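Presented below is the structure to which this report refers.
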2 protein chains.
Amino acid sequence: MILTTRHKELIERIGVFHEHKGMQPLVGRIIGLLLIHEEGEVSFDEIVEHLGVSKSAVSNALTFLQAKDRCVYSTRPGDRKRYFALKVSDWKKDFQQELENIAEIQKFIDEVLEVRTDKNPEFNCKMIEFSNFLAFFKKEIPALFERFNKIKA
Amino acid sequence: MILTTRHKELIERIGVFHEHKGMQPLVGRIIGLLLIHEEGEVSFDEIVEHLGVSKSAVSNALTFLQAKDRCVYSTRPGDRKRYFALKVSDWKKDFQQELENIAEIQKFIDEVLEVRTDKNPEFNCKMIEFSNFLAFFKKEIPALFERFNKIKA
DNA sequence: AACTTGGTTCTCTATTTGCAGAACTAACTG
DNA sequence: CAGTTAGTTCTGCAAATAGAGAACCAAGTT
């Protein structure tokens, strides 16, 4: 597959988006490439060539993506190459994970409430409300997916 | 206010939590301190002392927090010091912002769909479903807050 | 006007990060 | 078993980051 300027530019933007989420640059670029590549499966050296980076960098980035369960490879009979693909099927799981992650702050809020005195009841009150909201939010996550499945059907 | 080991350890953990979100270390620690400090308002040099860091580092971190609208300071008559506090009142806005941020990926998904051929319809199909879900999710965010307000009342 | 206080800005440095390139391994190939 | 292919691991470096410390500024004090 030949990448146009538009493809390349989109890969870069997907890359920086993921950088903002804390991923290292190349990891984000690879996600972009795997999203854009028409076959969805891209060999190791295609990644090296399309992104113009070293084999070592690609190897490390792919190891990371696989460890995070965001990427898998398949092989073909009579071909030693590995063909890497995103686990797009898992987007629900991933998204749910992200939602749960941002609600993680509740643990800290609750710990903070344990150690706080009642010198500033207004502050404490706000924190309690936030904690309650986060608890509510966590409970709502599965319901959200159910409602989506319902309207889709 | 005297910080116990438990306080300090909690501040550190809140710090690393925020580091994982891409903030620089000291910024996360300051958030922790402002959460834990019983008055909720902490002077510049109290921050310096409690966290054992330089004035310059604190100055930069506070500038950042204020720019991100996560922190404000107030002053007191006859006292030149600034007393810094988290904008805890804004937690709803902040949380909503975070939710919208993670749904930002939809823009990229849609752009990707524009440039993809139909060589892998299964892949495309998954992506379309994901995009639909994200659109649904964005619409649901305000409703979520409304429902919370209702059960709270 | 010199001194203090409260904070900012500038310069420099230690650490960390992200990657290149080379050396290496493992499996196949002639 | 020498050579190729596919990818990994190791070593080293350039750039980015985070923060220290000093110089600095602005406002009040003596």
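Within each chain, counting starts at residue 1; across the structure tokens, chains are named A, B, ... in the order shown, with ligands numbered 1 upward in that order.
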What would chain A look like once superposed on chain B, with the fit done by least squares over all C-alpha atoms paired in order? Give it as a tab-separated table (two decimals) with N, CA and C atoms, in the first residue's frame.
```tsv
chain	number	residue	atom	x	y	z
A	1	MET	N	-0.21	23.63	59.49
A	1	MET	CA	-0.61	22.22	59.55
A	1	MET	C	0.61	21.31	59.44
A	2	ILE	N	0.64	20.29	60.27
A	2	ILE	CA	1.75	19.33	60.23
A	2	ILE	C	1.30	18.11	59.43
A	3	LEU	N	2.16	17.70	58.51
A	3	LEU	CA	1.81	16.53	57.71
A	3	LEU	C	2.40	15.27	58.31
A	4	THR	N	1.58	14.28	58.51
A	4	THR	CA	2.07	12.99	59.02
A	4	THR	C	2.64	12.19	57.86
A	5	THR	N	3.25	11.06	58.20
A	5	THR	CA	3.77	10.16	57.18
A	5	THR	C	2.63	9.73	56.24
A	6	ARG	N	1.49	9.47	56.85
A	6	ARG	CA	0.35	9.04	56.05
A	6	ARG	C	-0.06	10.11	55.03
A	7	HIS	N	-0.10	11.36	55.51
A	7	HIS	CA	-0.38	12.46	54.60
A	7	HIS	C	0.60	12.49	53.45
A	8	LYS	N	1.88	12.43	53.82
A	8	LYS	CA	2.93	12.56	52.80
A	8	LYS	C	2.87	11.44	51.79
A	9	GLU	N	2.61	10.26	52.31
A	9	GLU	CA	2.57	9.10	51.42
A	9	GLU	C	1.37	9.21	50.47
A	10	LEU	N	0.27	9.70	50.99
A	10	LEU	CA	-0.91	9.89	50.14
A	10	LEU	C	-0.67	10.95	49.07
A	11	ILE	N	0.01	12.02	49.46
A	11	ILE	CA	0.36	13.06	48.48
A	11	ILE	C	1.19	12.47	47.34
A	12	GLU	N	2.16	11.63	47.72
A	12	GLU	CA	2.99	11.00	46.69
A	12	GLU	C	2.15	10.17	45.74
A	13	ARG	N	1.22	9.39	46.30
A	13	ARG	CA	0.42	8.52	45.44
A	13	ARG	C	-0.51	9.32	44.54
A	14	ILE	N	-1.05	10.39	45.08
A	14	ILE	CA	-1.87	11.27	44.24
A	14	ILE	C	-0.99	11.88	43.16
A	15	GLY	N	0.25	12.16	43.54
A	15	GLY	CA	1.21	12.68	42.56
A	15	GLY	C	1.43	11.72	41.41
A	16	VAL	N	1.71	10.47	41.71
A	16	VAL	CA	2.01	9.57	40.58
A	16	VAL	C	0.76	9.30	39.76
A	17	PHE	N	-0.39	9.29	40.42
A	17	PHE	CA	-1.64	9.14	39.66
A	17	PHE	C	-1.73	10.23	38.58
A	18	HIS	N	-1.43	11.44	38.98
A	18	HIS	CA	-1.51	12.53	38.01
A	18	HIS	C	-0.37	12.50	36.99
A	19	GLU	N	0.78	12.00	37.42
A	19	GLU	CA	1.86	11.82	36.46
A	19	GLU	C	1.42	10.91	35.33
A	20	HIS	N	0.69	9.83	35.70
A	20	HIS	CA	0.23	8.91	34.67
A	20	HIS	C	-0.72	9.58	33.69
A	21	LYS	N	-1.35	10.64	34.15
A	21	LYS	CA	-2.23	11.38	33.25
A	21	LYS	C	-1.46	12.38	32.41
A	22	GLY	N	-0.14	12.39	32.55
A	22	GLY	CA	0.67	13.25	31.71
A	22	GLY	C	1.13	14.54	32.37
A	23	MET	N	0.76	14.73	33.65
A	23	MET	CA	1.21	15.95	34.31
A	23	MET	C	2.64	15.80	34.82
A	24	GLN	N	3.29	16.93	35.02
A	24	GLN	CA	4.63	16.79	35.55
A	24	GLN	C	4.56	16.55	37.06
A	25	PRO	N	5.56	15.82	37.59
A	25	PRO	CA	5.53	15.33	38.95
A	25	PRO	C	5.05	16.35	39.99
A	26	LEU	N	5.69	17.50	40.01
A	26	LEU	CA	5.37	18.45	41.06
A	26	LEU	C	3.92	18.91	41.02
A	27	VAL	N	3.39	19.05	39.82
A	27	VAL	CA	2.00	19.48	39.67
A	27	VAL	C	1.07	18.51	40.39
A	28	GLY	N	1.30	17.23	40.20
A	28	GLY	CA	0.48	16.22	40.88
A	28	GLY	C	0.61	16.29	42.38
A	29	ARG	N	1.83	16.53	42.87
A	29	ARG	CA	2.07	16.63	44.31
A	29	ARG	C	1.32	17.82	44.89
A	30	ILE	N	1.35	18.91	44.16
A	30	ILE	CA	0.66	20.11	44.65
A	30	ILE	C	-0.84	19.86	44.73
A	31	ILE	N	-1.39	19.20	43.73
A	31	ILE	CA	-2.81	18.86	43.79
A	31	ILE	C	-3.07	18.03	45.05
A	32	GLY	N	-2.20	17.06	45.29
A	32	GLY	CA	-2.35	16.24	46.50
A	32	GLY	C	-2.32	17.08	47.76
A	33	LEU	N	-1.35	17.96	47.84
A	33	LEU	CA	-1.23	18.80	49.04
A	33	LEU	C	-2.46	19.67	49.24
A	34	LEU	N	-2.93	20.26	48.15
A	34	LEU	CA	-4.11	21.15	48.26
A	34	LEU	C	-5.36	20.35	48.63
A	35	LEU	N	-5.41	19.11	48.22
A	35	LEU	CA	-6.55	18.26	48.60
A	35	LEU	C	-6.51	17.93	50.08
A	36	ILE	N	-5.31	17.69	50.57
A	36	ILE	CA	-5.16	17.17	51.93
A	36	ILE	C	-5.12	18.27	52.98
A	37	HIS	N	-4.61	19.40	52.58
A	37	HIS	CA	-4.44	20.46	53.57
A	37	HIS	C	-5.78	20.89	54.14
A	38	GLU	N	-5.87	20.89	55.47
A	38	GLU	CA	-7.18	21.05	56.10
A	38	GLU	C	-7.87	22.39	55.79
A	39	GLU	N	-7.07	23.44	55.68
A	39	GLU	CA	-7.70	24.72	55.36
A	39	GLU	C	-8.14	24.81	53.90
A	40	GLY	N	-7.49	24.00	53.07
A	40	GLY	CA	-7.82	24.07	51.65
A	40	GLY	C	-7.09	25.20	50.95
A	41	GLU	N	-6.55	26.12	51.74
A	41	GLU	CA	-5.78	27.22	51.17
A	41	GLU	C	-4.36	27.14	51.71
A	42	VAL	N	-3.42	27.17	50.81
A	42	VAL	CA	-2.03	26.97	51.21
A	42	VAL	C	-1.17	28.06	50.60
A	43	SER	N	-0.32	28.66	51.41
A	43	SER	CA	0.52	29.73	50.90
A	43	SER	C	1.67	29.16	50.08
A	44	PHE	N	2.22	30.03	49.26
A	44	PHE	CA	3.32	29.66	48.37
A	44	PHE	C	4.45	28.98	49.14
A	45	ASP	N	4.90	29.60	50.21
A	45	ASP	CA	6.07	29.03	50.89
A	45	ASP	C	5.72	27.80	51.73
A	46	GLU	N	4.45	27.66	52.09
A	46	GLU	CA	4.05	26.39	52.72
A	46	GLU	C	4.22	25.25	51.72
A	47	ILE	N	3.86	25.51	50.48
A	47	ILE	CA	4.03	24.49	49.44
A	47	ILE	C	5.50	24.14	49.31
A	48	VAL	N	6.33	25.18	49.22
A	48	VAL	CA	7.77	24.98	49.11
A	48	VAL	C	8.27	24.09	50.25
A	49	GLU	N	7.84	24.42	51.47
A	49	GLU	CA	8.35	23.67	52.62
A	49	GLU	C	7.79	22.26	52.70
A	50	HIS	N	6.49	22.12	52.57
A	50	HIS	CA	5.88	20.79	52.68
A	50	HIS	C	6.42	19.83	51.63
A	51	LEU	N	6.63	20.32	50.43
A	51	LEU	CA	7.06	19.42	49.36
A	51	LEU	C	8.57	19.41	49.19
A	52	GLY	N	9.25	20.29	49.88
A	52	GLY	CA	10.72	20.31	49.81
A	52	GLY	C	11.27	20.56	48.43
A	53	VAL	N	10.69	21.52	47.74
A	53	VAL	CA	11.15	21.85	46.39
A	53	VAL	C	11.47	23.33	46.30
A	54	SER	N	12.02	23.72	45.17
A	54	SER	CA	12.46	25.11	45.03
A	54	SER	C	11.29	26.03	44.71
A	55	LYS	N	11.49	27.31	44.98
A	55	LYS	CA	10.48	28.31	44.68
A	55	LYS	C	10.18	28.35	43.18
A	56	SER	N	11.23	28.22	42.38
A	56	SER	CA	11.00	28.31	40.93
A	56	SER	C	10.10	27.19	40.45
A	57	ALA	N	10.34	25.99	40.97
A	57	ALA	CA	9.52	24.86	40.56
A	57	ALA	C	8.06	25.08	40.96
A	58	VAL	N	7.86	25.57	42.18
A	58	VAL	CA	6.50	25.82	42.65
A	58	VAL	C	5.85	26.91	41.80
A	59	SER	N	6.59	27.95	41.53
A	59	SER	CA	6.03	29.03	40.73
A	59	SER	C	5.55	28.52	39.37
A	60	ASN	N	6.39	27.74	38.72
A	60	ASN	CA	6.01	27.21	37.40
A	60	ASN	C	4.81	26.28	37.50
A	61	ALA	N	4.81	25.41	38.49
A	61	ALA	CA	3.71	24.46	38.63
A	61	ALA	C	2.40	25.18	38.89
A	62	LEU	N	2.45	26.22	39.74
A	62	LEU	CA	1.22	26.96	40.04
A	62	LEU	C	0.72	27.73	38.82
A	63	THR	N	1.65	28.27	38.06
A	63	THR	CA	1.26	28.96	36.83
A	63	THR	C	0.53	27.99	35.91
A	64	PHE	N	1.07	26.78	35.81
A	64	PHE	CA	0.44	25.76	34.99
A	64	PHE	C	-0.97	25.44	35.48
A	65	LEU	N	-1.09	25.19	36.79
A	65	LEU	CA	-2.39	24.82	37.35
A	65	LEU	C	-3.42	25.92	37.16
A	66	GLN	N	-2.97	27.15	37.26
A	66	GLN	CA	-3.89	28.27	37.06
A	66	GLN	C	-4.29	28.39	35.60
A	67	ALA	N	-3.32	28.16	34.73
A	67	ALA	CA	-3.61	28.22	33.29
A	67	ALA	C	-4.64	27.16	32.92
A	68	LYS	N	-4.54	26.01	33.56
A	68	LYS	CA	-5.48	24.91	33.31
A	68	LYS	C	-6.78	25.11	34.09
A	69	ASP	N	-6.85	26.19	34.80
A	69	ASP	CA	-8.06	26.55	35.53
A	69	ASP	C	-8.41	25.55	36.63
A	70	ARG	N	-7.37	24.94	37.19
A	70	ARG	CA	-7.59	23.96	38.24
A	70	ARG	C	-7.31	24.53	39.61
A	71	CYS	N	-6.85	25.77	39.64
A	71	CYS	CA	-6.33	26.32	40.88
A	71	CYS	C	-6.48	27.84	40.84
A	72	VAL	N	-6.76	28.42	41.99
A	72	VAL	CA	-6.85	29.88	42.09
A	72	VAL	C	-6.14	30.33	43.37
A	73	TYR	N	-5.84	31.60	43.47
A	73	TYR	CA	-5.34	32.08	44.75
A	73	TYR	C	-6.17	33.25	45.23
A	74	SER	N	-6.20	33.39	46.54
A	74	SER	CA	-6.87	34.54	47.12
A	74	SER	C	-5.86	35.25	48.00
A	75	THR	N	-6.15	36.47	48.34
A	75	THR	CA	-5.25	37.23	49.21
A	75	THR	C	-6.04	37.73	50.40
A	76	ARG	N	-5.30	38.18	51.41
A	76	ARG	CA	-5.95	38.66	52.63
A	76	ARG	C	-5.47	40.08	52.92
A	77	PRO	N	-6.37	40.91	53.42
A	77	PRO	CA	-5.97	42.31	53.68
A	77	PRO	C	-4.77	42.38	54.62
A	78	GLY	N	-3.84	43.22	54.26
A	78	GLY	CA	-2.64	43.38	55.08
A	78	GLY	C	-1.69	42.20	55.03
A	79	ASP	N	-1.79	41.38	53.99
A	79	ASP	CA	-0.94	40.18	53.87
A	79	ASP	C	-0.64	40.00	52.39
A	80	ARG	N	0.62	40.09	52.06
A	80	ARG	CA	0.99	40.03	50.64
A	80	ARG	C	1.02	38.62	50.08
A	81	LYS	N	0.92	37.65	50.95
A	81	LYS	CA	1.00	36.26	50.47
A	81	LYS	C	-0.21	35.87	49.65
A	82	ARG	N	0.01	34.91	48.80
A	82	ARG	CA	-1.10	34.34	48.03
A	82	ARG	C	-1.44	32.99	48.62
A	83	TYR	N	-2.73	32.75	48.77
A	83	TYR	CA	-3.18	31.47	49.31
A	83	TYR	C	-3.85	30.68	48.19
A	84	PHE	N	-3.22	29.57	47.87
A	84	PHE	CA	-3.67	28.79	46.71
A	84	PHE	C	-4.66	27.72	47.11
A	85	ALA	N	-5.64	27.50	46.24
A	85	ALA	CA	-6.66	26.48	46.51
A	85	ALA	C	-7.08	25.84	45.20
A	86	LEU	N	-7.49	24.60	45.30
A	86	LEU	CA	-8.04	23.92	44.12
A	86	LEU	C	-9.43	24.48	43.84
A	87	LYS	N	-9.80	24.47	42.59
A	87	LYS	CA	-11.18	24.85	42.26
A	87	LYS	C	-12.06	23.60	42.37
A	88	VAL	N	-12.24	23.13	43.61
A	88	VAL	CA	-13.01	21.89	43.78
A	88	VAL	C	-14.44	22.03	43.28
A	89	SER	N	-14.92	23.26	43.29
A	89	SER	CA	-16.30	23.47	42.85
A	89	SER	C	-16.48	23.07	41.40
A	90	ASP	N	-15.37	23.06	40.67
A	90	ASP	CA	-15.44	22.78	39.24
A	90	ASP	C	-15.30	21.31	38.88
A	91	TRP	N	-15.36	20.45	39.87
A	91	TRP	CA	-15.09	19.05	39.54
A	91	TRP	C	-15.99	18.50	38.45
A	92	LYS	N	-17.26	18.96	38.42
A	92	LYS	CA	-18.17	18.48	37.37
A	92	LYS	C	-17.67	18.88	35.99
A	93	LYS	N	-17.32	20.14	35.88
A	93	LYS	CA	-16.81	20.64	34.60
A	93	LYS	C	-15.56	19.86	34.18
A	94	ASP	N	-14.65	19.68	35.14
A	94	ASP	CA	-13.40	18.99	34.85
A	94	ASP	C	-13.66	17.55	34.39
A	95	PHE	N	-14.54	16.89	35.13
A	95	PHE	CA	-14.81	15.50	34.81
A	95	PHE	C	-15.45	15.39	33.43
A	96	GLN	N	-16.39	16.28	33.18
A	96	GLN	CA	-17.04	16.31	31.87
A	96	GLN	C	-16.00	16.52	30.77
A	97	GLN	N	-15.06	17.42	31.05
A	97	GLN	CA	-14.00	17.69	30.09
A	97	GLN	C	-13.19	16.43	29.80
A	98	GLU	N	-12.90	15.69	30.85
A	98	GLU	CA	-12.13	14.45	30.66
A	98	GLU	C	-12.88	13.44	29.81
A	99	LEU	N	-14.17	13.33	30.09
A	99	LEU	CA	-14.99	12.40	29.30
A	99	LEU	C	-14.99	12.81	27.84
A	100	GLU	N	-15.15	14.11	27.61
A	100	GLU	CA	-15.16	14.58	26.23
A	100	GLU	C	-13.81	14.34	25.56
A	101	ASN	N	-12.76	14.51	26.34
A	101	ASN	CA	-11.42	14.29	25.80
A	101	ASN	C	-11.24	12.87	25.30
A	102	ILE	N	-11.68	11.91	26.10
A	102	ILE	CA	-11.41	10.56	25.64
A	102	ILE	C	-12.29	10.22	24.43
A	103	ALA	N	-13.41	10.92	24.29
A	103	ALA	CA	-14.26	10.69	23.13
A	103	ALA	C	-13.73	11.41	21.88
A	104	GLU	N	-12.71	12.25	22.07
A	104	GLU	CA	-12.07	12.97	20.97
A	104	GLU	C	-11.58	12.04	19.87
A	105	ILE	N	-11.24	10.84	20.26
A	105	ILE	CA	-10.72	9.88	19.29
A	105	ILE	C	-11.70	9.70	18.12
A	106	GLN	N	-12.97	10.00	18.35
A	106	GLN	CA	-13.95	9.83	17.28
A	106	GLN	C	-13.57	10.62	16.02
A	107	LYS	N	-13.07	11.83	16.24
A	107	LYS	CA	-12.67	12.65	15.09
A	107	LYS	C	-11.69	11.90	14.21
A	108	PHE	N	-10.72	11.25	14.88
A	108	PHE	CA	-9.70	10.54	14.12
A	108	PHE	C	-10.28	9.32	13.43
A	109	ILE	N	-11.14	8.60	14.18
A	109	ILE	CA	-11.78	7.42	13.59
A	109	ILE	C	-12.52	7.81	12.31
A	110	ASP	N	-13.25	8.92	12.40
A	110	ASP	CA	-14.01	9.34	11.23
A	110	ASP	C	-13.11	9.75	10.07
A	111	GLU	N	-12.02	10.41	10.40
A	111	GLU	CA	-11.08	10.77	9.33
A	111	GLU	C	-10.46	9.53	8.71
A	112	VAL	N	-10.17	8.56	9.58
A	112	VAL	CA	-9.60	7.31	9.09
A	112	VAL	C	-10.59	6.65	8.14
A	113	LEU	N	-11.85	6.63	8.52
A	113	LEU	CA	-12.87	6.01	7.67
A	113	LEU	C	-12.96	6.69	6.31
A	114	GLU	N	-12.72	8.00	6.29
A	114	GLU	CA	-12.75	8.72	5.02
A	114	GLU	C	-11.66	8.27	4.06
A	115	VAL	N	-10.49	7.96	4.63
A	115	VAL	CA	-9.37	7.61	3.74
A	115	VAL	C	-9.25	6.11	3.49
A	116	ARG	N	-9.97	5.31	4.24
A	116	ARG	CA	-9.86	3.86	4.05
A	116	ARG	C	-10.57	3.40	2.78
A	117	THR	N	-9.96	2.43	2.11
A	117	THR	CA	-10.64	1.76	0.99
A	117	THR	C	-11.61	0.74	1.58
A	118	ASP	N	-12.31	0.02	0.71
A	118	ASP	CA	-13.20	-1.02	1.24
A	118	ASP	C	-12.57	-2.41	1.11
A	119	LYS	N	-11.25	-2.42	1.18
A	119	LYS	CA	-10.54	-3.71	1.05
A	119	LYS	C	-10.76	-4.62	2.25
A	120	ASN	N	-11.07	-4.00	3.38
A	120	ASN	CA	-11.28	-4.81	4.59
A	120	ASN	C	-12.58	-4.37	5.25
A	121	PRO	N	-13.72	-4.80	4.69
A	121	PRO	CA	-15.02	-4.31	5.17
A	121	PRO	C	-15.30	-4.65	6.62
A	122	GLU	N	-14.74	-5.75	7.08
A	122	GLU	CA	-14.97	-6.15	8.47
A	122	GLU	C	-14.36	-5.13	9.42
A	123	PHE	N	-13.11	-4.75	9.10
A	123	PHE	CA	-12.41	-3.74	9.88
A	123	PHE	C	-13.20	-2.43	9.85
A	124	ASN	N	-13.58	-2.00	8.66
A	124	ASN	CA	-14.33	-0.76	8.52
A	124	ASN	C	-15.61	-0.80	9.35
A	125	CYS	N	-16.24	-1.94	9.33
A	125	CYS	CA	-17.50	-2.09	10.04
A	125	CYS	C	-17.31	-1.87	11.54
A	126	LYS	N	-16.26	-2.48	12.07
A	126	LYS	CA	-15.95	-2.30	13.50
A	126	LYS	C	-15.71	-0.83	13.83
A	127	MET	N	-15.01	-0.18	12.92
A	127	MET	CA	-14.68	1.23	13.15
A	127	MET	C	-15.94	2.08	13.12
A	128	ILE	N	-16.83	1.76	12.21
A	128	ILE	CA	-18.09	2.52	12.13
A	128	ILE	C	-18.88	2.33	13.42
A	129	GLU	N	-18.90	1.11	13.89
A	129	GLU	CA	-19.62	0.84	15.13
A	129	GLU	C	-19.00	1.63	16.29
A	130	PHE	N	-17.67	1.65	16.32
A	130	PHE	CA	-17.00	2.40	17.38
A	130	PHE	C	-17.34	3.88	17.29
A	131	SER	N	-17.30	4.41	16.08
A	131	SER	CA	-17.64	5.82	15.89
A	131	SER	C	-19.06	6.10	16.34
A	132	ASN	N	-19.98	5.21	15.99
A	132	ASN	CA	-21.37	5.38	16.41
A	132	ASN	C	-21.48	5.37	17.93
A	133	PHE	N	-20.73	4.46	18.53
A	133	PHE	CA	-20.77	4.41	19.98
A	133	PHE	C	-20.27	5.72	20.59
A	134	LEU	N	-19.19	6.24	20.03
A	134	LEU	CA	-18.63	7.47	20.58
A	134	LEU	C	-19.60	8.63	20.43
A	135	ALA	N	-20.30	8.67	19.32
A	135	ALA	CA	-21.32	9.72	19.12
A	135	ALA	C	-22.41	9.57	20.18
A	136	PHE	N	-22.85	8.35	20.35
A	136	PHE	CA	-23.86	8.05	21.38
A	136	PHE	C	-23.35	8.47	22.76
A	137	PHE	N	-22.12	8.13	23.04
A	137	PHE	CA	-21.52	8.43	24.33
A	137	PHE	C	-21.51	9.93	24.60
A	138	LYS	N	-21.09	10.70	23.60
A	138	LYS	CA	-21.03	12.15	23.78
A	138	LYS	C	-22.40	12.72	24.12
A	139	LYS	N	-23.39	12.21	23.42
A	139	LYS	CA	-24.75	12.69	23.69
A	139	LYS	C	-25.21	12.34	25.09
A	140	GLU	N	-24.73	11.21	25.59
A	140	GLU	CA	-25.18	10.73	26.89
A	140	GLU	C	-24.58	11.49	28.07
A	141	ILE	N	-23.47	12.17	27.83
A	141	ILE	CA	-22.77	12.80	28.95
A	141	ILE	C	-23.65	13.76	29.75
A	142	PRO	N	-24.32	14.70	29.10
A	142	PRO	CA	-25.15	15.62	29.90
A	142	PRO	C	-26.25	14.88	30.65
A	143	ALA	N	-26.85	13.90	29.99
A	143	ALA	CA	-27.93	13.12	30.62
A	143	ALA	C	-27.43	12.44	31.89
A	144	LEU	N	-26.19	12.02	31.85
A	144	LEU	CA	-25.58	11.36	33.01
A	144	LEU	C	-25.59	12.30	34.22
A	145	PHE	N	-25.18	13.53	33.98
A	145	PHE	CA	-25.14	14.50	35.08
A	145	PHE	C	-26.55	14.81	35.58
A	146	GLU	N	-27.48	14.90	34.64
A	146	GLU	CA	-28.86	15.16	35.05
A	146	GLU	C	-29.39	14.06	35.94
A	147	ARG	N	-29.14	12.82	35.54
A	147	ARG	CA	-29.63	11.71	36.36
A	147	ARG	C	-29.02	11.72	37.75
A	148	PHE	N	-27.75	12.09	37.79
A	148	PHE	CA	-27.11	12.17	39.12
A	148	PHE	C	-27.77	13.24	39.98
A	149	ASN	N	-28.02	14.38	39.38
A	149	ASN	CA	-28.66	15.46	40.14
A	149	ASN	C	-30.03	15.04	40.64
A	150	LYS	N	-30.72	14.24	39.82
A	150	LYS	CA	-32.05	13.81	40.20
A	150	LYS	C	-32.00	12.87	41.41
A	151	ILE	N	-31.17	11.86	41.36
A	151	ILE	CA	-31.14	10.90	42.47
A	151	ILE	C	-30.61	11.55	43.74
A	152	LYS	N	-29.80	12.59	43.57
A	152	LYS	CA	-29.23	13.28	44.73
A	152	LYS	C	-30.34	14.05	45.44
A	153	ALA	N	-31.29	14.56	44.67
A	153	ALA	CA	-32.35	15.41	45.25
A	153	ALA	C	-33.41	14.59	45.99
```
Using only C-alpha atoms (C1' of nucleotides), find each residue of chain C with at least one atom at most 10 Å away from an atom of chain A; report its shortest atom-to-atom pair and that distance in Å (one decimal), sort the rows by chain and rising residue number, and return the result as JSON lines.
```
{"residue": "C:DT17", "atom": "C1'", "partner": "A:Gln24", "partner_atom": "CA", "distance": 8.8}
{"residue": "C:DG18", "atom": "C1'", "partner": "A:Gln24", "partner_atom": "CA", "distance": 7.7}
{"residue": "C:DC19", "atom": "C1'", "partner": "A:Ala57", "partner_atom": "CA", "distance": 6.1}
{"residue": "C:DA20", "atom": "C1'", "partner": "A:Ser54", "partner_atom": "CA", "distance": 6.4}
{"residue": "C:DG21", "atom": "C1'", "partner": "A:Ser54", "partner_atom": "CA", "distance": 8.4}
{"residue": "C:DA27", "atom": "C1'", "partner": "A:Arg80", "partner_atom": "CA", "distance": 8.8}
{"residue": "C:DC28", "atom": "C1'", "partner": "A:Arg80", "partner_atom": "CA", "distance": 8.8}
```
Dump as a short mmCIF file (atom, residue, chain, number, x, y, z; two decimals), in the first residue's frame, selection limited to N, CA and C atoms (P, O5', C5', C4', C3', O3' and C1' of nucleotides):
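out-v2.cif was written with the following content:
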```
data_model
loop_
_atom_site.label_atom_id
_atom_site.label_comp_id
_atom_site.auth_asym_id
_atom_site.auth_seq_id
_atom_site.Cartn_x
_atom_site.Cartn_y
_atom_site.Cartn_z
P DT C 17 11.47 8.08 32.06
"O5'" DT C 17 11.67 8.49 30.54
"C5'" DT C 17 11.36 9.81 30.13
"C4'" DT C 17 11.53 9.93 28.64
"C3'" DT C 17 11.06 8.71 27.86
"O3'" DT C 17 10.02 9.16 27.02
"C1'" DT C 17 13.24 9.41 27.16
P DG C 18 9.39 8.44 25.79
"O5'" DG C 18 10.52 8.50 24.68
"C5'" DG C 18 10.61 9.64 23.83
"C4'" DG C 18 11.41 9.24 22.62
"C3'" DG C 18 10.92 7.95 21.95
"O3'" DG C 18 10.88 8.18 20.56
"C1'" DG C 18 13.19 7.73 22.55
P DC C 19 10.31 7.12 19.55
"O5'" DC C 19 11.61 6.71 18.73
"C5'" DC C 19 12.41 7.74 18.16
"C4'" DC C 19 13.85 7.29 18.11
"C3'" DC C 19 14.10 6.07 17.23
"O3'" DC C 19 14.58 6.55 15.98
"C1'" DC C 19 15.46 6.11 19.21
P DA C 20 14.83 5.62 14.76
"O5'" DA C 20 16.43 5.54 14.73
"C5'" DA C 20 17.19 6.75 14.82
"C4'" DA C 20 18.68 6.41 14.85
"C3'" DA C 20 19.09 5.37 13.82
"O3'" DA C 20 20.31 5.80 13.22
"C1'" DA C 20 19.59 4.59 16.03
P DG C 21 20.87 5.05 11.94
"O5'" DG C 21 21.92 4.01 12.55
"C5'" DG C 21 22.77 4.44 13.60
"C4'" DG C 21 23.62 3.27 14.07
"C3'" DG C 21 23.80 2.19 13.00
"O3'" DG C 21 25.18 1.80 13.04
"C1'" DG C 21 22.86 1.23 14.95
P DA C 27 14.14 -21.50 17.13
"O5'" DA C 27 13.82 -21.44 15.55
"C5'" DA C 27 12.90 -20.48 15.05
"C4'" DA C 27 13.01 -20.48 13.54
"C3'" DA C 27 13.09 -21.90 12.95
"O3'" DA C 27 12.17 -21.99 11.87
"C1'" DA C 27 14.81 -20.54 12.10
P DC C 28 11.76 -23.37 11.22
"O5'" DC C 28 12.19 -23.15 9.70
"C5'" DC C 28 11.66 -22.04 8.98
"C4'" DC C 28 12.69 -21.57 7.97
"C3'" DC C 28 12.92 -22.56 6.81
"O3'" DC C 28 12.52 -21.94 5.59
"C1'" DC C 28 14.95 -21.59 7.59
#
```
- Message: Contacts from chain D to chain B, 9 Å maximum, only C-alpha atoms (C1' of nucleotides): show me the residue list as an MDAnalysis selection string.
- Response: chainID D and resid 17:21 27
Using DSSP on the backbone coordinates, identify all residues within range 45-77 of chain B classified as strand (DSSP E); present the result as a CSV table (one decimal) with C-alpha atoms, in the first residue's frame.
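Saved the output as result00.csv:
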```csv
chain,number,residue,atom,x,y,z
B,71,CYS,CA,-6.3,26.3,40.9
B,72,VAL,CA,-6.8,29.9,42.1
B,73,TYR,CA,-5.3,32.1,44.8
B,74,SER,CA,-6.9,34.5,47.2
B,75,THR,CA,-5.2,37.2,49.3
B,76,ARG,CA,-6.0,38.6,52.7
```
- Give the helix (DSSP H, G or I) residues of range 39-81 of chain A, as DSSP finds them on the backbone, and put them as a VMD selection string. chain A and resid 44 to 51 55 to 67
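Picture a line from C1' of DA26 in chain D to C1' of DT13 in chain C; it runs 29.3 Å.
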- Surrounding residues of DT29 in chain D excluding itself and chain neighbours under 3 positions, 10 Å, only C-alpha atoms (C1' of nucleotides), as number ranges by chain: C: 3-5
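C1' of DA14 in chain C lies 15.3 Å from C1' of DA14 in chain D.
In this structure, C1' of DT4 in chain D sits 9.9 Å away from C1' of DG30 in chain C.
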